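Have a look at run.pdb below; it lists PDB, C-alpha atoms.
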MODEL        1
ATOM      1  CA  MET Q   1      -5.606  -1.122 -11.410
ATOM      2  CA  PRO Q   2      -6.355   0.187 -14.931
ATOM      3  CA  LEU Q   3      -5.987  -2.168 -17.867
ATOM      4  CA  TYR Q   4      -4.381  -0.974 -21.105
ATOM      5  CA  MET Q   5      -3.759  -2.310 -24.579
ATOM      6  CA  ASP Q   6      -0.668  -0.987 -26.291
ATOM      7  CA  VAL Q   7      -0.258  -1.353 -30.036
ATOM      8  CA  HIS Q   8       3.014  -1.655 -31.949
ATOM      9  CA  LYS Q   9       3.107  -1.432 -35.753
ATOM     10  CA  ASN Q  10       6.400  -2.411 -37.326
ATOM     11  CA  GLU Q  11       7.193  -4.467 -40.430
ATOM     12  CA  GLN Q  12      10.338  -5.798 -38.707
ATOM     13  CA  LEU Q  13       8.346  -7.578 -35.993
ATOM     14  CA  ASN Q  14       8.526 -11.358 -35.762
ATOM     15  CA  LEU Q  15       7.879 -13.913 -33.023
ATOM     16  CA  ASP Q  16      11.522 -14.226 -31.978
ATOM     17  CA  VAL Q  17      11.943 -10.456 -31.587
ATOM     18  CA  ILE Q  18       8.660 -10.205 -29.670
ATOM     19  CA  ALA Q  19       9.516 -13.061 -27.307
ATOM     20  CA  ILE Q  20      12.840 -11.485 -26.357
ATOM     21  CA  ALA Q  21      11.254  -8.052 -25.868
ATOM     22  CA  HIS Q  22       8.473  -9.504 -23.716
ATOM     23  CA  GLN Q  23      11.016 -11.328 -21.574
ATOM     24  CA  ARG Q  24      12.797  -8.027 -20.952
ATOM     25  CA  ASP Q  25       9.494  -6.331 -20.070
ATOM     26  CA  LEU Q  26       8.881  -8.950 -17.383
ATOM     27  CA  GLU Q  27      12.288  -8.291 -15.873
ATOM     28  CA  VAL Q  28      11.682  -4.524 -15.593
ATOM     29  CA  GLN Q  29       7.940  -4.223 -14.917
ATOM     30  CA  GLN Q  30       7.998  -4.544 -11.117
ATOM     31  CA  LYS Q  31      10.054  -1.354 -10.853
ATOM     32  CA  TYR Q  32       7.103   0.601 -12.286
ATOM     33  CA  GLY Q  33       4.261  -1.323 -10.629
ATOM     34  CA  VAL Q  34       3.246  -2.779 -13.997
ATOM     35  CA  ARG Q  35       2.208  -6.281 -15.101
ATOM     36  CA  TYR Q  36       2.356  -7.237 -18.778
ATOM     37  CA  LEU Q  37      -0.243 -10.008 -19.017
ATOM     38  CA  ARG Q  38      -0.577 -11.218 -22.607
ATOM     39  CA  TRP Q  39       0.477 -10.373 -26.126
ATOM     40  CA  TRP Q  40      -0.865 -11.167 -29.587
ATOM     41  CA  PHE Q  41       0.800 -10.773 -32.966
ATOM     42  CA  ASN Q  42      -1.041 -10.160 -36.246
ATOM     43  CA  ASP Q  43       1.470 -11.037 -38.958
ATOM     44  CA  ASP Q  44      -0.737  -9.743 -41.788
ATOM     45  CA  LEU Q  45      -0.966  -6.290 -40.205
ATOM     46  CA  HIS Q  46       2.598  -6.341 -38.805
ATOM     47  CA  SER Q  47       0.987  -5.405 -35.495
ATOM     48  CA  LEU Q  48       1.656  -6.439 -31.907
ATOM     49  CA  TYR Q  49      -0.895  -5.970 -29.109
ATOM     50  CA  CYS Q  50       0.138  -6.082 -25.438
ATOM     51  CA  LEU Q  51      -2.352  -6.305 -22.572
ATOM     52  CA  VAL Q  52      -1.010  -4.657 -19.426
ATOM     53  CA  GLU Q  53      -2.091  -3.689 -15.926
ATOM     54  CA  ALA Q  54      -0.486  -0.374 -15.016
ATOM     55  CA  PRO Q  55      -1.080   2.611 -12.730
ATOM     56  CA  SER Q  56      -0.954   4.802 -15.850
ATOM     57  CA  ALA Q  57      -0.227   4.681 -19.556
ATOM     58  CA  GLU Q  58       3.045   6.473 -18.824
ATOM     59  CA  ALA Q  59       4.148   3.691 -16.459
ATOM     60  CA  ALA Q  60       3.439   1.036 -19.101
ATOM     61  CA  THR Q  61       5.421   3.036 -21.649
ATOM     62  CA  ALA Q  62       8.304   3.453 -19.199
ATOM     63  CA  VAL Q  63       8.684  -0.337 -18.967
ATOM     64  CA  HIS Q  64       9.009  -0.681 -22.750
ATOM     65  CA  ARG Q  65      11.396   2.259 -22.915
ATOM     66  CA  GLU Q  66      13.760   0.847 -20.298
ATOM     67  CA  ALA Q  67      13.458  -2.801 -21.344
ATOM     68  CA  HIS Q  68      14.089  -2.466 -25.082
ATOM     69  CA  ALA Q  69      13.248   1.102 -26.235
ATOM     70  CA  ASN Q  70      10.416  -0.109 -28.498
ATOM     71  CA  VAL Q  71       7.562   2.034 -27.194
ATOM     72  CA  ALA Q  72       4.012   1.558 -28.447
ATOM     73  CA  ASP Q  73       2.553   3.542 -31.320
ATOM     74  CA  GLU Q  74      -0.624   3.951 -29.310
ATOM     75  CA  ILE Q  75      -1.985   2.853 -25.950
ATOM     76  CA  ILE Q  76      -5.685   2.333 -25.245
ATOM     77  CA  GLU Q  77      -7.282   2.126 -21.805
ATOM     78  CA  VAL Q  78      -9.624  -0.864 -21.576
ATOM     79  CA  ALA Q  79     -10.288  -0.795 -17.814
ATOM     80  CA  GLY Q  80     -13.116  -3.119 -16.852
ATOM     81  CA  PHE Q  81     -12.722  -5.221 -19.971
ATOM     82  CA  ALA Q  82     -10.825  -8.381 -20.834
ATOM     83  CA  VAL Q  83      -9.554  -9.107 -24.284
ATOM     84  CA  GLU Q  84     -11.197 -12.068 -25.975
ATOM     85  CA  GLY Q  85      -9.331 -11.876 -29.246
ATOM     86  CA  PHE Q  86      -8.401  -9.744 -32.172
ATOM     87  CA  LEU Q  87      -9.902  -9.373 -35.643
ATOM     88  CA  GLY Q  88      -7.931  -8.237 -38.639
ATOM     89  CA  ALA Q  89      -9.473  -4.770 -38.850
ATOM     90  CA  SER Q  90      -7.826  -2.393 -41.294
ATOM     91  CA  ASP Q  91      -6.744   0.010 -38.560
ATOM     92  CA  GLY Q  92      -5.172  -2.795 -36.532
ATOM     93  CA  LYS Q  93      -7.085  -1.948 -33.355
ATOM     94  CA  PRO Q  94      -8.168  -4.749 -31.035
ATOM     95  CA  VAL Q  95     -11.767  -5.771 -30.627
ATOM     96  CA  VAL Q  96     -12.775  -6.257 -26.994
ATOM     97  CA  ARG Q  97     -15.890  -7.405 -25.168
ATOM     98  CA  GLU Q  98     -16.965  -7.055 -21.585
ATOM     99  CA  GLU Q  99     -16.339 -10.111 -19.422
ATOM    100  CA  PRO Q 100     -18.943 -11.404 -16.983
ATOM    101  CA  PRO Q 101     -18.285  -9.766 -13.593
ATOM    102  CA  ASP Q 102     -17.335 -13.066 -11.941
ATOM    103  CA  GLN Q 103     -14.594 -13.807 -14.488
ATOM    104  CA  PRO Q 104     -11.425 -11.745 -13.943
ATOM    105  CA  PRO Q 105      -9.000 -11.193 -16.822
ATOM    106  CA  SER Q 106      -6.509 -14.003 -17.432
ATOM    107  CA  THR Q 107      -3.022 -13.323 -16.127
ATOM    108  CA  ASP Q 108      -1.302 -16.012 -18.209
ATOM    109  CA  THR Q 109       0.979 -14.794 -20.951
ATOM    110  CA  ALA Q 110       0.548 -16.269 -24.423
ATOM    111  CA  PHE Q 111       4.290 -16.955 -24.536
ATOM    112  CA  ARG Q 112       5.394 -19.459 -21.901
ATOM    113  CA  ALA Q 113       8.318 -21.570 -20.864
ATOM    114  CA  ILE Q 114       7.231 -25.188 -20.382
ATOM    115  CA  LEU Q 115       9.090 -27.512 -18.027
ATOM    116  CA  PHE Q 116       8.706 -31.239 -17.409
ATOM    117  CA  THR Q 117      10.237 -33.330 -14.640
ATOM    118  CA  ASP Q 118      10.462 -37.117 -14.498
ATOM    119  CA  MET Q 119      11.570 -39.196 -11.509
ATOM    120  CA  GLU Q 120      14.039 -41.966 -12.284
ATOM    121  CA  GLY Q 121      12.851 -45.507 -11.599
ATOM    122  CA  SER Q 122       9.443 -44.627 -10.180
ATOM    123  CA  THR Q 123       7.824 -47.821 -11.497
ATOM    124  CA  SER Q 124      10.496 -50.110 -10.052
ATOM    125  CA  LEU Q 125      10.290 -48.167  -6.785
ATOM    126  CA  THR Q 126       6.569 -48.882  -6.535
ATOM    127  CA  GLN Q 127       7.092 -52.556  -7.343
ATOM    128  CA  ARG Q 128       9.861 -52.857  -4.765
ATOM    129  CA  LEU Q 129       8.165 -50.985  -1.919
ATOM    130  CA  GLY Q 130       4.495 -51.445  -2.712
ATOM    131  CA  ASP Q 131       1.953 -48.729  -3.399
ATOM    132  CA  GLU Q 132       1.595 -47.394   0.142
ATOM    133  CA  ALA Q 133       5.305 -47.337   1.029
ATOM    134  CA  ALA Q 134       6.162 -45.766  -2.332
ATOM    135  CA  MET Q 135       3.976 -42.783  -1.450
ATOM    136  CA  GLN Q 136       6.567 -41.526   1.053
ATOM    137  CA  PRO Q 137       9.284 -40.762  -1.524
ATOM    138  CA  LEU Q 138       6.609 -39.488  -3.919
ATOM    139  CA  ARG Q 139       5.421 -36.994  -1.296
ATOM    140  CA  ALA Q 140       9.009 -35.844  -0.765
ATOM    141  CA  HIS Q 141       9.414 -35.562  -4.550
ATOM    142  CA  ASN Q 142       6.261 -33.463  -4.853
ATOM    143  CA  ALA Q 143       7.271 -31.196  -1.972
ATOM    144  CA  ILE Q 144      10.696 -30.452  -3.487
ATOM    145  CA  ILE Q 145       9.260 -29.589  -6.891
ATOM    146  CA  ARG Q 146       6.326 -27.550  -5.591
ATOM    147  CA  ASP Q 147       8.593 -25.594  -3.269
ATOM    148  CA  ALA Q 148      10.795 -24.676  -6.247
ATOM    149  CA  LEU Q 149       7.741 -23.726  -8.321
ATOM    150  CA  GLN Q 150       6.505 -21.445  -5.560
ATOM    151  CA  GLN Q 151       9.898 -19.776  -5.190
ATOM    152  CA  HIS Q 152      10.227 -19.112  -8.916
ATOM    153  CA  ALA Q 153       6.670 -18.134  -9.911
ATOM    154  CA  GLY Q 154       5.940 -21.405 -11.677
ATOM    155  CA  ASN Q 155       2.466 -22.739 -12.375
ATOM    156  CA  GLU Q 156       1.896 -26.472 -11.954
ATOM    157  CA  VAL Q 157      -0.196 -27.443 -14.960
ATOM    158  CA  LYS Q 158      -0.543 -31.084 -13.969
ATOM    159  CA  HIS Q 159       1.059 -33.984 -12.139
ATOM    160  CA  THR Q 160       2.103 -36.787 -14.477
ATOM    161  CA  GLY Q 161       2.354 -39.518 -11.838
ATOM    162  CA  ASP Q 162       6.141 -39.501 -11.600
ATOM    163  CA  GLY Q 163       6.756 -35.880 -12.473
ATOM    164  CA  VAL Q 164       5.250 -32.467 -13.069
ATOM    165  CA  MET Q 165       4.441 -30.273 -16.044
ATOM    166  CA  ALA Q 166       4.798 -26.570 -15.243
ATOM    167  CA  SER Q 167       4.624 -23.252 -17.075
ATOM    168  CA  PHE Q 168       6.356 -19.923 -16.511
ATOM    169  CA  ALA Q 169       5.734 -16.430 -17.822
ATOM    170  CA  ALA Q 170       9.474 -15.684 -17.685
ATOM    171  CA  VAL Q 171      12.039 -18.019 -19.257
ATOM    172  CA  ALA Q 172      14.737 -17.219 -16.694
ATOM    173  CA  ARG Q 173      12.339 -18.259 -13.932
ATOM    174  CA  ALA Q 174      11.959 -21.687 -15.535
ATOM    175  CA  VAL Q 175      15.730 -22.173 -15.604
ATOM    176  CA  GLU Q 176      16.064 -20.971 -12.012
ATOM    177  CA  CYS Q 177      13.320 -23.379 -10.978
ATOM    178  CA  ALA Q 178      14.988 -26.314 -12.742
ATOM    179  CA  ILE Q 179      18.243 -25.548 -10.940
ATOM    180  CA  GLY Q 180      16.353 -25.243  -7.656
ATOM    181  CA  VAL Q 181      14.704 -28.626  -8.196
ATOM    182  CA  GLN Q 182      18.004 -30.401  -8.842
ATOM    183  CA  ARG Q 183      19.639 -28.756  -5.845
ATOM    184  CA  GLY Q 184      16.617 -29.645  -3.739
ATOM    185  CA  PHE Q 185      16.990 -33.312  -4.625
ATOM    186  CA  GLU Q 186      20.726 -33.147  -3.986
ATOM    187  CA  SER Q 187      20.070 -31.849  -0.452
ATOM    188  CA  HIS Q 188      17.317 -34.401   0.111
ATOM    189  CA  ASN Q 189      19.543 -37.288  -0.990
ATOM    190  CA  ALA Q 190      22.382 -36.175   1.275
ATOM    191  CA  ALA Q 191      20.016 -36.155   4.256
ATOM    192  CA  ASN Q 192      18.084 -39.295   3.238
ATOM    193  CA  PRO Q 193      20.452 -41.713   1.465
ATOM    194  CA  GLU Q 194      18.001 -44.571   2.006
ATOM    195  CA  MET Q 195      15.391 -42.644  -0.026
ATOM    196  CA  SER Q 196      17.619 -41.195  -2.741
ATOM    197  CA  MET Q 197      15.873 -39.871  -5.866
ATOM    198  CA  ARG Q 198      16.994 -38.320  -9.137
ATOM    199  CA  VAL Q 199      14.939 -36.461 -11.727
ATOM    200  CA  ARG Q 200      15.284 -35.565 -15.374
ATOM    201  CA  ILE Q 201      14.207 -32.077 -16.429
ATOM    202  CA  GLY Q 202      13.428 -30.770 -19.911
ATOM    203  CA  ALA Q 203      12.289 -27.293 -20.909
ATOM    204  CA  THR Q 204      11.553 -25.139 -23.926
ATOM    205  CA  ALA Q 205       9.514 -22.021 -24.673
ATOM    206  CA  GLY Q 206       6.869 -20.976 -27.174
ATOM    207  CA  GLU Q 207       3.138 -20.447 -27.531
ATOM    208  CA  PRO Q 208       1.239 -23.528 -26.352
ATOM    209  CA  VAL Q 209      -2.502 -23.833 -26.812
ATOM    210  CA  ALA Q 210      -4.440 -23.351 -23.559
ATOM    211  CA  GLU Q 211      -7.670 -25.287 -23.121
ATOM    212  CA  ASN Q 212      -9.548 -26.567 -20.063
ATOM    213  CA  ARG Q 213      -6.739 -25.554 -17.695
ATOM    214  CA  ASP Q 214      -4.217 -27.592 -19.664
ATOM    215  CA  LEU Q 215      -1.625 -26.762 -22.310
ATOM    216  CA  PHE Q 216      -1.149 -28.468 -25.659
ATOM    217  CA  GLY Q 217       0.821 -28.188 -28.873
ATOM    218  CA  ALA Q 218       4.348 -28.460 -30.208
ATOM    219  CA  THR Q 219       5.928 -26.490 -27.355
ATOM    220  CA  VAL Q 220       4.537 -28.925 -24.784
ATOM    221  CA  GLN Q 221       5.505 -31.936 -26.887
ATOM    222  CA  LEU Q 222       9.063 -30.690 -27.303
ATOM    223  CA  ALA Q 223       9.472 -30.036 -23.573
ATOM    224  CA  ALA Q 224       8.310 -33.598 -22.877
ATOM    225  CA  ARG Q 225      10.746 -34.988 -25.485
ATOM    226  CA  LEU Q 226      13.607 -33.024 -23.925
ATOM    227  CA  CYS Q 227      12.752 -34.400 -20.500
ATOM    228  CA  SER Q 228      12.707 -37.973 -21.810
ATOM    229  CA  HIS Q 229      16.034 -37.383 -23.572
ATOM    230  CA  ALA Q 230      17.738 -36.028 -20.437
ATOM    231  CA  GLU Q 231      19.773 -38.201 -18.102
ATOM    232  CA  PRO Q 232      18.782 -38.507 -14.427
ATOM    233  CA  GLY Q 233      20.106 -35.452 -12.624
ATOM    234  CA  GLN Q 234      20.335 -33.459 -15.866
ATOM    235  CA  ILE Q 235      18.559 -30.305 -17.070
ATOM    236  CA  LEU Q 236      18.196 -30.295 -20.852
ATOM    237  CA  VAL Q 237      16.766 -27.264 -22.660
ATOM    238  CA  SER Q 238      16.223 -26.136 -26.228
ATOM    239  CA  GLY Q 239      18.145 -23.435 -28.036
ATOM    240  CA  VAL Q 240      15.178 -21.095 -27.551
ATOM    241  CA  ILE Q 241      15.684 -21.181 -23.783
ATOM    242  CA  ARG Q 242      19.400 -20.579 -24.109
ATOM    243  CA  ASP Q 243      18.922 -17.691 -26.573
ATOM    244  CA  LEU Q 244      16.377 -15.968 -24.328
ATOM    245  CA  CYS Q 245      18.752 -16.230 -21.364
ATOM    246  CA  ILE Q 246      21.723 -14.534 -23.012
ATOM    247  CA  GLY Q 247      23.235 -12.172 -20.466
ATOM    248  CA  LYS Q 248      21.918 -14.184 -17.523
ATOM    249  CA  ARG Q 249      24.311 -15.957 -15.203
ATOM    250  CA  PHE Q 250      23.430 -19.471 -16.273
ATOM    251  CA  ALA Q 251      25.954 -22.069 -17.391
ATOM    252  CA  PHE Q 252      24.810 -23.599 -20.682
ATOM    253  CA  GLN Q 253      26.795 -26.365 -22.331
ATOM    254  CA  GLU Q 254      25.947 -27.290 -25.907
ATOM    255  CA  ARG Q 255      24.959 -30.931 -26.379
ATOM    256  CA  GLY Q 256      24.580 -31.029 -30.151
ATOM    257  CA  GLU Q 257      21.324 -31.534 -32.020
ATOM    258  CA  SER Q 258      18.632 -34.187 -31.907
ATOM    259  CA  LEU Q 259      15.772 -34.964 -34.262
ATOM    260  CA  PHE Q 260      12.783 -35.820 -32.104
ATOM    261  CA  LYS Q 261       9.778 -37.829 -33.217
ATOM    262  CA  GLY Q 262       7.122 -35.586 -34.728
ATOM    263  CA  PHE Q 263       9.512 -32.700 -35.465
ATOM    264  CA  ASP Q 264      10.804 -31.918 -38.948
ATOM    265  CA  GLU Q 265      13.936 -30.050 -37.896
ATOM    266  CA  PRO Q 266      16.718 -31.020 -35.466
ATOM    267  CA  VAL Q 267      16.589 -29.269 -32.103
ATOM    268  CA  ARG Q 268      19.663 -27.646 -30.566
ATOM    269  CA  LEU Q 269      20.262 -29.062 -27.100
ATOM    270  CA  PHE Q 270      21.867 -27.352 -24.119
ATOM    271  CA  GLU Q 271      22.571 -28.694 -20.660
ATOM    272  CA  VAL Q 272      22.120 -26.290 -17.754
ATOM    273  CA  GLY Q 273      24.780 -26.500 -15.073
ATOM    274  CA  TRP Q 274      23.377 -26.566 -11.555
ATOM    275  CA  GLN Q 275      26.089 -27.978  -9.297
ATOM    276  CA  GLY Q 276      28.392 -25.766  -7.293
TER     277      GLY Q 276
ENDMDL
END
Since I need it in another form, could you write the structure as structure tokens?
Amino acid sequence: MPLYMDVHKNEQLNLDVIAIAHQRDLEVQQKYGVRYLRWWFNDDLHSLYCLVEAPSAEAATAVHREAHANVADEIIEVAGFAVEGFLGASDGKPVVREEPPDQPPSTDTAFRAILFTDMEGSTSLTQRLGDEAAMQPLRAHNAIIRDALQQHAGNEVKHTGDGVMASFAAVARAVECAIGVQRGFESHNAANPEMSMRVRIGATAGEPVAENRDLFGATVQLAARLCSHAEPGQILVSGVIRDLCIGKRFAFQERGESLFKGFDEPVRLFEVGWQG
């Protein structure tokens, strides 16, 4: 499928506006056979660049038009190329280079929702049952989480020993996955009361740094802090997640603010309802 770069030039652009618009693109794109892959923002040039797979430039434009009405100022076909980065050229156009033939373009979006899970009492469980016996509930734990990730287009970044770190291109998918995980454990516990487990879940969204198949940066750190702050059986998310899910049928309950270690500003906390 052809690969395009569309370019938006607007002095009103900022990261919050772009994140919301991109989220809406992801919700509409399947209708037109389009996949928006990545975006980059050059603040100095007030320019946004979106990398997209589409059957035609018109199809890519149709997604923007329906999702948020902010169509691109120009769209450039870059079929056969992958974008390595952008330089601050005066005309705002992207600089591209040809990728080696055995390296397909990345399909990860720069903006991601990050989710952490943490199993309650995993250390005491291992001490009580022993290493080998403790593997049985851990396998059940892994199966529940990975099933939810598969159902909601999540990417398992890594296993943390008693939980999982995952990323999502769409924020709503992360929330749906978190709900699916908690409901999965609820069903498991009802069927296996002797092997009952509860997990904490924390999530936020932003632009983590990708390196060596892992993700780093403040977004990842905040998601981990939210997970640690959550109670067993609770889904705790940042205000960013809640704001990007306005209009979705999720039940958010405000839980005040918390100042986490390493962060200068308090973070708005919201609990996601998942029961019923």
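Using only C-alpha atoms, the protein and nucleic acid residues lying no more than 7 Å from range 61-68 of chain Q, apart from those fewer than 4 places from it along its own chain, are Ala21, Arg24, Asp25, Val28, Gln29, Tyr32 and Ala57 of chain Q.
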Could you give me the axis-aligned bounding box of range 41-60 of chain Q, with 6 Å of padding per side, as centre plus edge lengths in Å to one decimal, as AutoDock Vina command-line options?
--center_x 0.9 --center_y -2.3 --center_z -27.3 --size_x 18.5 --size_y 29.5 --size_z 41.1
Once the PyMOL selection byres ((chain Q and resi 256) around 7) has been evaluated on this model, what residues remain selected, and can you format them as a PDB file with C-alpha atoms, in the coordinates of the input?
ATOM      1  CA  GLU Q 254      25.947 -27.290 -25.907  1.00  0.00           C
ATOM      2  CA  ARG Q 255      24.959 -30.931 -26.379  1.00  0.00           C
ATOM      3  CA  GLU Q 257      21.324 -31.534 -32.020  1.00  0.00           C
ATOM      4  CA  SER Q 258      18.632 -34.187 -31.907  1.00  0.00           C
ATOM      5  CA  ARG Q 268      19.663 -27.646 -30.566  1.00  0.00           C
ATOM      6  CA  LEU Q 269      20.262 -29.062 -27.100  1.00  0.00           C
TER       7      LEU Q 269
END
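Distance annotation: of Q:Glu53, Q:Glu11, Q:Asp162, Q:Asp214, the residue with the minimal separation from His141 in chain Q is Q:Asp162; atom set is only C-alpha atoms.
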Residue contacts of range 187-203 of chain Q (7 Å, only C-alpha atoms) excluding same-chain residues fewer than 6 positions away, as a PyMOL selection string:
chain Q and resi 113-120+137+178+223-224+226-227+230-238
Out of Q:Leu15, Q:Val240, Q:Leu259, Q:Ala172, which residue has the shortest atom-to-atom distance to His152 in chain Q when counting all atoms listed in the file?
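Nearest candidate to His152 in chain Q out of Q:Leu15, Q:Val240, Q:Leu259, Q:Ala172: Q:Ala172.
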Using the partial input, fill out range 259-273 of chain Q with N, CA and C atoms; write the result as a PDB file, keeping the file's coordinate frame.
ATOM      1  N   LEU Q 259      17.018 -34.991 -33.501  1.00  0.00           N
ATOM      2  CA  LEU Q 259      15.772 -34.964 -34.262  1.00  0.00           C
ATOM      3  C   LEU Q 259      14.750 -35.803 -33.511  1.00  0.00           C
ATOM      4  N   PHE Q 260      13.783 -35.135 -32.908  1.00  0.00           N
ATOM      5  CA  PHE Q 260      12.783 -35.820 -32.104  1.00  0.00           C
ATOM      6  C   PHE Q 260      11.595 -36.256 -32.955  1.00  0.00           C
ATOM      7  N   LYS Q 261      10.957 -37.314 -32.531  1.00  0.00           N
ATOM      8  CA  LYS Q 261       9.778 -37.829 -33.217  1.00  0.00           C
ATOM      9  C   LYS Q 261       8.708 -36.747 -33.312  1.00  0.00           C
ATOM     10  N   GLY Q 262       8.174 -36.564 -34.518  1.00  0.00           N
ATOM     11  CA  GLY Q 262       7.122 -35.586 -34.728  1.00  0.00           C
ATOM     12  C   GLY Q 262       7.616 -34.209 -35.109  1.00  0.00           C
ATOM     13  N   PHE Q 263       8.943 -34.004 -35.121  1.00  0.00           N
ATOM     14  CA  PHE Q 263       9.512 -32.700 -35.465  1.00  0.00           C
ATOM     15  C   PHE Q 263      10.333 -32.824 -36.746  1.00  0.00           C
ATOM     16  N   ASP Q 264      10.148 -31.863 -37.642  1.00  0.00           N
ATOM     17  CA  ASP Q 264      10.804 -31.918 -38.948  1.00  0.00           C
ATOM     18  C   ASP Q 264      12.257 -31.476 -38.907  1.00  0.00           C
ATOM     19  N   GLU Q 265      12.589 -30.604 -37.962  1.00  0.00           N
ATOM     20  CA  GLU Q 265      13.936 -30.050 -37.896  1.00  0.00           C
ATOM     21  C   GLU Q 265      14.646 -30.501 -36.624  1.00  0.00           C
ATOM     22  N   PRO Q 266      15.968 -30.693 -36.687  1.00  0.00           N
ATOM     23  CA  PRO Q 266      16.718 -31.020 -35.466  1.00  0.00           C
ATOM     24  C   PRO Q 266      16.621 -29.883 -34.453  1.00  0.00           C
ATOM     25  N   VAL Q 267      16.681 -30.238 -33.193  1.00  0.00           N
ATOM     26  CA  VAL Q 267      16.589 -29.269 -32.103  1.00  0.00           C
ATOM     27  C   VAL Q 267      17.959 -29.126 -31.448  1.00  0.00           C
ATOM     28  N   ARG Q 268      18.408 -27.881 -31.283  1.00  0.00           N
ATOM     29  CA  ARG Q 268      19.663 -27.646 -30.566  1.00  0.00           C
ATOM     30  C   ARG Q 268      19.456 -27.933 -29.081  1.00  0.00           C
ATOM     31  N   LEU Q 269      20.379 -28.668 -28.498  1.00  0.00           N
ATOM     32  CA  LEU Q 269      20.262 -29.062 -27.100  1.00  0.00           C
ATOM     33  C   LEU Q 269      21.333 -28.381 -26.259  1.00  0.00           C
ATOM     34  N   PHE Q 270      20.930 -27.952 -25.064  1.00  0.00           N
ATOM     35  CA  PHE Q 270      21.867 -27.352 -24.119  1.00  0.00           C
ATOM     36  C   PHE Q 270      21.600 -27.920 -22.734  1.00  0.00           C
ATOM     37  N   GLU Q 271      22.680 -28.262 -22.048  1.00  0.00           N
ATOM     38  CA  GLU Q 271      22.571 -28.694 -20.660  1.00  0.00           C
ATOM     39  C   GLU Q 271      22.803 -27.492 -19.754  1.00  0.00           C
ATOM     40  N   VAL Q 272      21.982 -27.380 -18.719  1.00  0.00           N
ATOM     41  CA  VAL Q 272      22.120 -26.290 -17.754  1.00  0.00           C
ATOM     42  C   VAL Q 272      22.906 -26.799 -16.555  1.00  0.00           C
ATOM     43  N   GLY Q 273      24.006 -26.130 -16.243  1.00  0.00           N
ATOM     44  CA  GLY Q 273      24.780 -26.500 -15.073  1.00  0.00           C
ATOM     45  C   GLY Q 273      24.084 -26.060 -13.796  1.00  0.00           C
TER      46      GLY Q 273
END
